[in-house]
$ cat data.cif   # mmCIF, N, CA and C atoms
data_run
loop_
_atom_site.label_atom_id
_atom_site.label_comp_id
_atom_site.auth_asym_id
_atom_site.auth_seq_id
_atom_site.Cartn_x
_atom_site.Cartn_y
_atom_site.Cartn_z
N ARG A 1485 122.35 51.38 -28.64
CA ARG A 1485 122.11 52.50 -27.75
C ARG A 1485 120.62 52.58 -27.51
N ARG A 1486 120.29 52.84 -26.28
CA ARG A 1486 118.87 52.99 -25.94
C ARG A 1486 118.34 54.27 -26.59
N ALA A 1487 117.09 54.27 -26.91
CA ALA A 1487 116.49 55.41 -27.61
C ALA A 1487 116.02 56.46 -26.61
N ALA A 1488 116.16 57.72 -26.99
CA ALA A 1488 115.59 58.88 -26.29
C ALA A 1488 115.81 58.84 -24.78
N ALA A 1489 117.06 58.76 -24.37
CA ALA A 1489 117.36 58.76 -22.94
C ALA A 1489 117.26 60.18 -22.39
N SER A 1490 116.81 60.29 -21.17
CA SER A 1490 116.74 61.60 -20.52
C SER A 1490 118.15 61.95 -20.01
N PRO A 1491 118.40 63.22 -19.71
CA PRO A 1491 119.69 63.60 -19.13
C PRO A 1491 120.01 62.81 -17.85
N ALA A 1492 119.00 62.54 -17.05
CA ALA A 1492 119.21 61.77 -15.81
C ALA A 1492 119.61 60.33 -16.13
N GLN A 1493 118.99 59.75 -17.15
CA GLN A 1493 119.35 58.39 -17.56
C GLN A 1493 120.77 58.36 -18.11
N ASP A 1494 121.11 59.37 -18.91
CA ASP A 1494 122.48 59.46 -19.42
C ASP A 1494 123.49 59.57 -18.28
N ALA A 1495 123.21 60.43 -17.32
CA ALA A 1495 124.11 60.61 -16.18
C ALA A 1495 124.27 59.32 -15.39
N ALA A 1496 123.18 58.59 -15.22
CA ALA A 1496 123.23 57.32 -14.49
C ALA A 1496 124.05 56.28 -15.26
N ALA A 1497 123.87 56.24 -16.57
CA ALA A 1497 124.64 55.29 -17.40
C ALA A 1497 126.12 55.62 -17.37
N ILE A 1498 126.46 56.90 -17.41
CA ILE A 1498 127.85 57.33 -17.35
C ILE A 1498 128.45 56.98 -15.99
N ALA A 1499 127.72 57.26 -14.92
CA ALA A 1499 128.21 56.96 -13.57
C ALA A 1499 128.44 55.45 -13.40
N ALA A 1500 127.52 54.65 -13.92
CA ALA A 1500 127.66 53.19 -13.81
C ALA A 1500 128.87 52.70 -14.60
N ALA A 1501 129.08 53.26 -15.78
CA ALA A 1501 130.22 52.85 -16.60
C ALA A 1501 131.53 53.25 -15.95
N LEU A 1502 131.60 54.45 -15.39
CA LEU A 1502 132.81 54.89 -14.70
C LEU A 1502 133.10 53.99 -13.50
N ALA A 1503 132.08 53.64 -12.76
CA ALA A 1503 132.26 52.75 -11.61
C ALA A 1503 132.71 51.37 -12.06
N ALA A 1504 132.08 50.85 -13.11
CA ALA A 1504 132.43 49.52 -13.61
C ALA A 1504 133.88 49.44 -14.07
N MET A 1505 134.39 50.54 -14.59
CA MET A 1505 135.77 50.55 -15.10
C MET A 1505 136.76 51.15 -14.10
N ASP A 1506 136.33 51.35 -12.85
CA ASP A 1506 137.21 51.84 -11.78
C ASP A 1506 137.82 53.19 -12.14
N LEU A 1507 136.96 54.10 -12.61
CA LEU A 1507 137.43 55.42 -13.05
C LEU A 1507 136.80 56.59 -12.31
N VAL A 1508 136.02 56.32 -11.28
CA VAL A 1508 135.31 57.40 -10.59
C VAL A 1508 136.30 58.46 -10.09
N ALA A 1509 137.41 58.05 -9.52
CA ALA A 1509 138.38 59.02 -8.97
C ALA A 1509 139.07 59.83 -10.07
N LEU A 1510 139.01 59.34 -11.31
CA LEU A 1510 139.69 60.02 -12.42
C LEU A 1510 138.73 60.77 -13.33
N ARG A 1511 137.48 60.85 -12.97
CA ARG A 1511 136.46 61.37 -13.88
C ARG A 1511 136.70 62.80 -14.35
N HIS A 1512 137.42 63.62 -13.60
CA HIS A 1512 137.64 65.01 -14.01
C HIS A 1512 139.02 65.22 -14.65
N ARG A 1513 139.79 64.17 -14.76
CA ARG A 1513 141.11 64.29 -15.37
C ARG A 1513 140.99 64.26 -16.89
N PRO A 1514 141.67 65.16 -17.60
CA PRO A 1514 141.64 65.12 -19.07
C PRO A 1514 142.22 63.80 -19.58
N VAL A 1515 141.68 63.32 -20.67
CA VAL A 1515 142.15 62.06 -21.25
C VAL A 1515 143.64 62.12 -21.55
N SER A 1516 144.14 63.28 -21.92
CA SER A 1516 145.56 63.42 -22.23
C SER A 1516 146.45 63.18 -21.02
N GLN A 1517 145.87 63.21 -19.82
CA GLN A 1517 146.64 62.98 -18.60
C GLN A 1517 146.45 61.58 -18.03
N LEU A 1518 145.82 60.70 -18.78
CA LEU A 1518 145.61 59.32 -18.34
C LEU A 1518 146.73 58.43 -18.87
N SER A 1519 147.07 57.40 -18.09
CA SER A 1519 148.04 56.41 -18.56
C SER A 1519 147.39 55.58 -19.67
N GLY A 1520 148.17 54.73 -20.30
CA GLY A 1520 147.63 53.88 -21.37
C GLY A 1520 146.50 52.99 -20.88
N GLY A 1521 146.69 52.37 -19.71
CA GLY A 1521 145.65 51.51 -19.16
C GLY A 1521 144.42 52.29 -18.74
N GLU A 1522 144.63 53.46 -18.16
CA GLU A 1522 143.49 54.30 -17.77
C GLU A 1522 142.71 54.75 -19.00
N ARG A 1523 143.44 55.08 -20.05
CA ARG A 1523 142.79 55.50 -21.30
C ARG A 1523 141.99 54.35 -21.90
N ALA A 1524 142.55 53.14 -21.86
CA ALA A 1524 141.83 51.98 -22.38
C ALA A 1524 140.56 51.75 -21.58
N ARG A 1525 140.63 51.90 -20.26
CA ARG A 1525 139.44 51.74 -19.42
C ARG A 1525 138.43 52.84 -19.71
N ALA A 1526 138.90 54.07 -19.97
CA ALA A 1526 137.99 55.18 -20.29
C ALA A 1526 137.26 54.90 -21.60
N LEU A 1527 137.96 54.35 -22.57
CA LEU A 1527 137.31 54.01 -23.84
C LEU A 1527 136.26 52.92 -23.64
N ALA A 1528 136.57 51.93 -22.81
CA ALA A 1528 135.59 50.88 -22.51
C ALA A 1528 134.38 51.47 -21.81
N ALA A 1529 134.62 52.40 -20.87
CA ALA A 1529 133.51 53.04 -20.16
C ALA A 1529 132.63 53.82 -21.14
N ARG A 1530 133.26 54.46 -22.09
CA ARG A 1530 132.51 55.23 -23.09
C ARG A 1530 131.55 54.31 -23.86
N VAL A 1531 132.04 53.13 -24.22
CA VAL A 1531 131.19 52.17 -24.93
C VAL A 1531 130.06 51.71 -24.02
N LEU A 1532 130.40 51.34 -22.79
CA LEU A 1532 129.39 50.83 -21.86
C LEU A 1532 128.31 51.87 -21.55
N ALA A 1533 128.70 53.12 -21.43
CA ALA A 1533 127.73 54.17 -21.12
C ALA A 1533 126.66 54.30 -22.20
N GLY A 1534 127.00 53.93 -23.42
CA GLY A 1534 126.03 53.98 -24.51
C GLY A 1534 125.04 52.84 -24.49
N GLU A 1535 125.23 51.89 -23.58
CA GLU A 1535 124.36 50.73 -23.45
C GLU A 1535 124.04 50.09 -24.80
N PRO A 1536 125.09 49.69 -25.54
CA PRO A 1536 124.88 49.14 -26.88
C PRO A 1536 124.28 47.73 -26.85
N ARG A 1537 123.68 47.36 -27.95
CA ARG A 1537 123.19 45.98 -28.09
C ARG A 1537 124.35 45.04 -28.38
N TRP A 1538 125.35 45.55 -29.08
CA TRP A 1538 126.55 44.78 -29.43
C TRP A 1538 127.79 45.54 -28.96
N ILE A 1539 128.74 44.80 -28.45
CA ILE A 1539 130.04 45.36 -28.09
C ILE A 1539 131.07 44.66 -28.97
N LEU A 1540 131.74 45.43 -29.79
CA LEU A 1540 132.80 44.92 -30.66
C LEU A 1540 134.10 45.55 -30.19
N ALA A 1541 135.07 44.75 -29.79
CA ALA A 1541 136.30 45.31 -29.23
C ALA A 1541 137.52 44.60 -29.79
N ASP A 1542 138.47 45.39 -30.22
CA ASP A 1542 139.74 44.89 -30.75
C ASP A 1542 140.79 45.01 -29.66
N GLU A 1543 141.25 43.89 -29.14
CA GLU A 1543 142.27 43.83 -28.09
C GLU A 1543 141.91 44.70 -26.87
N PRO A 1544 140.73 44.49 -26.29
CA PRO A 1544 140.32 45.34 -25.17
C PRO A 1544 141.16 45.16 -23.90
N LEU A 1545 141.94 44.11 -23.82
CA LEU A 1545 142.75 43.87 -22.63
C LEU A 1545 144.15 44.47 -22.73
N ALA A 1546 144.50 44.95 -23.92
CA ALA A 1546 145.82 45.55 -24.11
C ALA A 1546 145.97 46.75 -23.18
N ASN A 1547 147.13 46.91 -22.62
CA ASN A 1547 147.49 48.02 -21.72
C ASN A 1547 146.84 47.93 -20.34
N LEU A 1548 146.08 46.89 -20.07
CA LEU A 1548 145.45 46.78 -18.75
C LEU A 1548 146.30 45.90 -17.84
N ASP A 1549 146.37 46.29 -16.56
CA ASP A 1549 147.04 45.42 -15.60
C ASP A 1549 146.16 44.20 -15.36
N LEU A 1550 146.69 43.21 -14.67
CA LEU A 1550 145.96 41.95 -14.50
C LEU A 1550 144.60 42.14 -13.83
N ALA A 1551 144.55 42.96 -12.79
CA ALA A 1551 143.28 43.14 -12.08
C ALA A 1551 142.22 43.79 -12.97
N HIS A 1552 142.60 44.82 -13.70
CA HIS A 1552 141.62 45.49 -14.57
C HIS A 1552 141.26 44.63 -15.77
N ALA A 1553 142.21 43.85 -16.29
CA ALA A 1553 141.89 42.94 -17.40
C ALA A 1553 140.88 41.89 -16.93
N ALA A 1554 141.11 41.31 -15.76
CA ALA A 1554 140.18 40.31 -15.22
C ALA A 1554 138.80 40.92 -14.98
N ALA A 1555 138.79 42.14 -14.45
CA ALA A 1555 137.51 42.81 -14.19
C ALA A 1555 136.77 43.08 -15.50
N LEU A 1556 137.50 43.49 -16.54
CA LEU A 1556 136.85 43.77 -17.82
C LEU A 1556 136.29 42.48 -18.43
N VAL A 1557 137.03 41.38 -18.33
CA VAL A 1557 136.52 40.11 -18.85
C VAL A 1557 135.24 39.72 -18.11
N ARG A 1558 135.24 39.86 -16.79
CA ARG A 1558 134.02 39.54 -16.02
C ARG A 1558 132.86 40.44 -16.45
N LEU A 1559 133.15 41.71 -16.63
CA LEU A 1559 132.12 42.66 -17.04
C LEU A 1559 131.57 42.31 -18.42
N LEU A 1560 132.43 41.95 -19.35
CA LEU A 1560 131.98 41.59 -20.69
C LEU A 1560 131.17 40.30 -20.67
N ARG A 1561 131.56 39.35 -19.82
CA ARG A 1561 130.76 38.12 -19.68
C ARG A 1561 129.38 38.47 -19.12
N ALA A 1562 129.33 39.40 -18.17
CA ALA A 1562 128.04 39.82 -17.60
C ALA A 1562 127.19 40.51 -18.67
N GLN A 1563 127.83 41.31 -19.52
CA GLN A 1563 127.10 41.97 -20.61
C GLN A 1563 126.50 40.91 -21.54
N ALA A 1564 127.28 39.89 -21.86
CA ALA A 1564 126.77 38.81 -22.71
C ALA A 1564 125.63 38.07 -22.01
N GLY A 1565 125.78 37.84 -20.72
CA GLY A 1565 124.73 37.18 -19.94
C GLY A 1565 123.45 37.99 -19.89
N ALA A 1566 123.57 39.32 -20.02
CA ALA A 1566 122.41 40.20 -20.02
C ALA A 1566 121.77 40.31 -21.41
N GLY A 1567 122.30 39.57 -22.37
CA GLY A 1567 121.69 39.56 -23.69
C GLY A 1567 122.38 40.40 -24.74
N ARG A 1568 123.47 41.07 -24.40
CA ARG A 1568 124.20 41.85 -25.39
C ARG A 1568 125.13 40.91 -26.16
N GLY A 1569 125.34 41.24 -27.42
CA GLY A 1569 126.33 40.51 -28.20
C GLY A 1569 127.70 41.07 -27.87
N VAL A 1570 128.68 40.21 -27.65
CA VAL A 1570 130.04 40.63 -27.34
C VAL A 1570 130.98 39.89 -28.27
N VAL A 1571 131.72 40.65 -29.07
CA VAL A 1571 132.70 40.07 -30.00
C VAL A 1571 134.04 40.73 -29.70
N LEU A 1572 135.03 39.90 -29.38
CA LEU A 1572 136.35 40.41 -29.05
C LEU A 1572 137.39 39.85 -30.01
N VAL A 1573 138.34 40.68 -30.37
CA VAL A 1573 139.53 40.22 -31.06
C VAL A 1573 140.60 40.11 -29.99
N LEU A 1574 141.15 38.90 -29.82
CA LEU A 1574 142.15 38.66 -28.78
C LEU A 1574 143.33 37.89 -29.35
N HIS A 1575 144.51 38.21 -28.85
CA HIS A 1575 145.67 37.37 -29.10
C HIS A 1575 146.01 36.57 -27.84
N ASP A 1576 145.29 36.83 -26.76
CA ASP A 1576 145.46 36.11 -25.51
C ASP A 1576 144.65 34.82 -25.61
N LEU A 1577 145.31 33.74 -26.04
CA LEU A 1577 144.60 32.49 -26.29
C LEU A 1577 144.04 31.88 -25.02
N ALA A 1578 144.73 32.06 -23.89
CA ALA A 1578 144.23 31.50 -22.63
C ALA A 1578 142.92 32.17 -22.23
N THR A 1579 142.82 33.47 -22.39
CA THR A 1579 141.56 34.15 -22.07
C THR A 1579 140.46 33.66 -23.00
N ALA A 1580 140.76 33.53 -24.27
CA ALA A 1580 139.77 33.01 -25.22
C ALA A 1580 139.35 31.58 -24.83
N MET A 1581 140.31 30.75 -24.48
CA MET A 1581 140.01 29.36 -24.10
C MET A 1581 139.13 29.31 -22.87
N ASN A 1582 139.43 30.14 -21.88
CA ASN A 1582 138.76 30.06 -20.59
C ASN A 1582 137.45 30.83 -20.49
N ARG A 1583 137.25 31.82 -21.34
CA ARG A 1583 136.09 32.70 -21.16
C ARG A 1583 135.14 32.79 -22.35
N ALA A 1584 135.58 32.40 -23.53
CA ALA A 1584 134.72 32.54 -24.72
C ALA A 1584 133.71 31.41 -24.82
N ASP A 1585 132.57 31.72 -25.39
CA ASP A 1585 131.58 30.69 -25.73
C ASP A 1585 131.91 30.08 -27.09
N ARG A 1586 132.48 30.90 -27.95
CA ARG A 1586 132.79 30.49 -29.33
C ARG A 1586 134.06 31.21 -29.75
N VAL A 1587 134.90 30.51 -30.48
CA VAL A 1587 136.16 31.08 -30.96
C VAL A 1587 136.25 30.89 -32.46
N VAL A 1588 136.61 31.97 -33.15
CA VAL A 1588 136.88 31.92 -34.59
C VAL A 1588 138.37 32.23 -34.74
N VAL A 1589 139.11 31.32 -35.35
CA VAL A 1589 140.55 31.51 -35.55
C VAL A 1589 140.78 31.86 -37.01
N LEU A 1590 141.49 32.96 -37.21
CA LEU A 1590 141.86 33.39 -38.56
C LEU A 1590 143.34 33.12 -38.79
N ASP A 1591 143.67 32.71 -39.97
CA ASP A 1591 145.06 32.53 -40.39
C ASP A 1591 145.22 33.23 -41.73
N ARG A 1592 145.94 34.33 -41.72
CA ARG A 1592 146.13 35.15 -42.91
C ARG A 1592 144.81 35.54 -43.57
N GLY A 1593 143.86 35.93 -42.71
CA GLY A 1593 142.58 36.42 -43.20
C GLY A 1593 141.56 35.36 -43.55
N ARG A 1594 141.88 34.11 -43.32
CA ARG A 1594 140.92 33.04 -43.65
C ARG A 1594 140.55 32.28 -42.39
N VAL A 1595 139.29 31.91 -42.27
CA VAL A 1595 138.80 31.17 -41.11
C VAL A 1595 139.33 29.75 -41.17
N VAL A 1596 140.06 29.34 -40.12
CA VAL A 1596 140.58 27.98 -40.06
C VAL A 1596 139.93 27.16 -38.94
N ALA A 1597 139.21 27.83 -38.05
CA ALA A 1597 138.48 27.13 -36.99
C ALA A 1597 137.35 28.03 -36.52
N ASP A 1598 136.24 27.41 -36.14
CA ASP A 1598 135.08 28.14 -35.65
C ASP A 1598 134.27 27.17 -34.80
N GLY A 1599 134.26 27.42 -33.51
CA GLY A 1599 133.51 26.53 -32.64
C GLY A 1599 133.83 26.75 -31.19
N PRO A 1600 133.52 25.76 -30.36
CA PRO A 1600 133.83 25.88 -28.94
C PRO A 1600 135.33 26.05 -28.75
N PRO A 1601 135.75 26.75 -27.72
CA PRO A 1601 137.18 27.01 -27.52
C PRO A 1601 138.05 25.76 -27.52
N GLU A 1602 137.57 24.69 -26.89
CA GLU A 1602 138.37 23.47 -26.81
C GLU A 1602 138.68 22.90 -28.20
N ALA A 1603 137.78 23.07 -29.13
CA ALA A 1603 137.99 22.57 -30.49
C ALA A 1603 138.77 23.59 -31.32
N ALA A 1604 138.36 24.84 -31.26
CA ALA A 1604 138.97 25.87 -32.11
C ALA A 1604 140.40 26.18 -31.69
N LEU A 1605 140.74 25.93 -30.43
CA LEU A 1605 142.09 26.23 -29.95
C LEU A 1605 142.85 24.95 -29.56
N ALA A 1606 142.53 23.86 -30.21
CA ALA A 1606 143.24 22.61 -29.95
C ALA A 1606 144.74 22.81 -30.21
N ALA A 1607 145.55 22.07 -29.47
CA ALA A 1607 147.01 22.22 -29.57
C ALA A 1607 147.51 22.08 -31.00
N ALA A 1608 146.94 21.14 -31.75
CA ALA A 1608 147.38 20.95 -33.14
C ALA A 1608 147.10 22.18 -33.99
N LEU A 1609 145.96 22.82 -33.77
CA LEU A 1609 145.64 24.03 -34.53
C LEU A 1609 146.53 25.19 -34.12
N VAL A 1610 146.81 25.31 -32.82
CA VAL A 1610 147.73 26.36 -32.35
C VAL A 1610 149.09 26.17 -33.02
N ALA A 1611 149.56 24.94 -33.09
CA ALA A 1611 150.85 24.67 -33.75
C ALA A 1611 150.79 25.04 -35.23
N GLN A 1612 149.70 24.72 -35.90
CA GLN A 1612 149.56 25.02 -37.32
C GLN A 1612 149.52 26.53 -37.59
N VAL A 1613 148.72 27.25 -36.84
CA VAL A 1613 148.51 28.68 -37.11
C VAL A 1613 149.65 29.54 -36.59
N TRP A 1614 150.09 29.27 -35.37
CA TRP A 1614 151.11 30.14 -34.77
C TRP A 1614 152.52 29.55 -34.84
N GLN A 1615 152.64 28.36 -35.40
CA GLN A 1615 153.92 27.68 -35.56
C GLN A 1615 154.71 27.55 -34.27
N VAL A 1616 154.02 27.16 -33.21
CA VAL A 1616 154.65 26.87 -31.93
C VAL A 1616 154.10 25.56 -31.39
N GLU A 1617 154.95 24.79 -30.77
CA GLU A 1617 154.49 23.59 -30.08
C GLU A 1617 153.87 24.07 -28.77
N ALA A 1618 152.66 23.63 -28.51
CA ALA A 1618 151.95 24.10 -27.33
C ALA A 1618 151.07 22.99 -26.79
N ARG A 1619 150.78 23.09 -25.50
CA ARG A 1619 149.82 22.17 -24.89
C ARG A 1619 149.06 22.94 -23.81
N TRP A 1620 147.83 22.55 -23.63
CA TRP A 1620 146.98 23.17 -22.63
C TRP A 1620 147.13 22.44 -21.32
N LEU A 1621 147.29 23.19 -20.23
CA LEU A 1621 147.40 22.64 -18.89
C LEU A 1621 146.18 23.06 -18.07
N GLY A 1622 145.82 22.28 -17.08
CA GLY A 1622 144.76 22.68 -16.16
C GLY A 1622 143.39 22.18 -16.57
N GLU A 1623 142.45 22.56 -15.75
CA GLU A 1623 141.06 22.15 -15.91
C GLU A 1623 140.29 23.15 -16.77
N PRO A 1624 139.20 22.74 -17.38
CA PRO A 1624 138.38 23.69 -18.15
C PRO A 1624 138.04 24.93 -17.31
N GLY A 1625 138.17 26.07 -17.94
CA GLY A 1625 137.91 27.33 -17.27
C GLY A 1625 139.13 27.90 -16.56
N GLN A 1626 140.19 27.09 -16.44
CA GLN A 1626 141.42 27.50 -15.75
C GLN A 1626 142.63 27.04 -16.53
N ARG A 1627 142.53 27.01 -17.82
CA ARG A 1627 143.62 26.49 -18.64
C ARG A 1627 144.72 27.52 -18.85
N ALA A 1628 145.93 27.00 -18.95
CA ALA A 1628 147.10 27.81 -19.29
C ALA A 1628 147.75 27.17 -20.50
N LEU A 1629 148.33 27.98 -21.35
CA LEU A 1629 148.99 27.48 -22.55
C LEU A 1629 150.48 27.40 -22.28
N ALA A 1630 151.01 26.19 -22.37
CA ALA A 1630 152.45 25.97 -22.18
C ALA A 1630 153.08 25.81 -23.56
N LEU A 1631 154.08 26.62 -23.82
CA LEU A 1631 154.79 26.56 -25.10
C LEU A 1631 156.01 25.67 -24.95
N GLY A 1632 156.25 24.83 -25.97
CA GLY A 1632 157.37 23.90 -25.90
C GLY A 1632 158.60 24.39 -26.60
#

$ encode --input "data.cif" --output "structure tokens"
Amino acid sequence: RRAAASPAQDAAAIAAALAAMDLVALRHRPVSQLSGGERARALAARVLAGEPRWILADEPLANLDLAHAAALVRLLRAQAGAGRGVVLVLHDLATAMNRADRVVVLDRGRVVADGPPEAALAAALVAQVWQVEARWLGEPGQRALALG
């Protein structure tokens, strides 16, 4: 969080976060009246408004429709590009494969892979950890996971 922000700076950060999460039209609605996806976006906006140095998110794409999930991934990549640390917990292996710089795979609480997505999410490791036969389809950055 930035230090000693003025009320105007706070208001600008809040407005930017609401716009980034497509919530401007919902800004006066109580959280209790938001859908699950809207609530998830509101929580993300709350984090963004604080302008943190690090963003730590557990399943940030859960409850989001495809358009808002894609927008959030782009926004988080932009945050990383701006120098913020971004750490996500994801079960969406395709998103991790296509968008992460580094992937850490845990199996029952122990690290079994740590590295570039292509290495950490190799088909053999996916089979070992998730016990499914799988193969990656497509070109780098556009991969899909096909289960056998």

$ closest_residue --input "data.cif" --among "A:Val1596, A:Ala1603, A:Ala1500, A:Leu1548" --to "Arg1525 of chain A" --atoms "all atoms listed in the file"
A:Leu1548

$ resolve_selection --input "data.cif" --expression "the PyMOL selection byres ((chain A and resi 1602) around 8)" --output "list in words"
Ala1580, Met1581, Asn1582, Asp1585, Arg1586, Val1587, Gly1599, Pro1600, Pro1601, Ala1603, Ala1604, Leu1605, Ala1606 and Ala1607 of chain A

$ atom_distance --input "data.cif" --atom1 "atom N of Asp1576 of chain A" --atom2 "atom C of Ala1564 of chain A"
20.3 Å

$ closest_residue --input "data.cif" --among "A:Ala1496, A:Ala1503, A:Val1570, A:Leu1590" --to "Trp1538 of chain A" --atoms "only N, CA and C atoms"
A:Val1570

$ closest_residue --input "data.cif" --among "A:Arg1627, A:Ala1533, A:Gln1563, A:Ala1611" --to "Asp1494 of chain A" --atoms "all atoms listed in the file"
A:Ala1533

$ closest_residue --input "data.cif" --among "A:Trp1614, A:Val1508, A:Arg1583, A:Arg1523" --to "Arg1561 of chain A" --atoms "only C-alpha atoms"
A:Arg1583

$ atom_distance --input "data.cif" --atom1 "atom CA of Gln1612 of chain A" --atom2 "atom CA of Thr1579 of chain A"
19.5 Å

$ select_by_dssp --input "data.cif" --residues "chain A" --states "alpha helix (DSSP H)" --output "JSON, numbers by chain"
{"A": [1491, 1492, 1493, 1494, 1495, 1496, 1497, 1498, 1499, 1500, 1501, 1502, 1503, 1504, 1520, 1521, 1522, 1523, 1524, 1525, 1526, 1527, 1528, 1529, 1530, 1531, 1532, 1533, 1550, 1551, 1552, 1553, 1554, 1555, 1556, 1557, 1558, 1559, 1560, 1561, 1562, 1563, 1564, 1565, 1577, 1578, 1579, 1580, 1581, 1582, 1583, 1601, 1602, 1603, 1604, 1607, 1608, 1609, 1610, 1611, 1612, 1613, 1614]}

$ closest_residue --input "data.cif" --among "A:Ala1566, A:Val1613, A:Leu1532, A:Ala1628" --to "Ala1578 of chain A" --atoms "only C-alpha atoms"
A:Ala1628
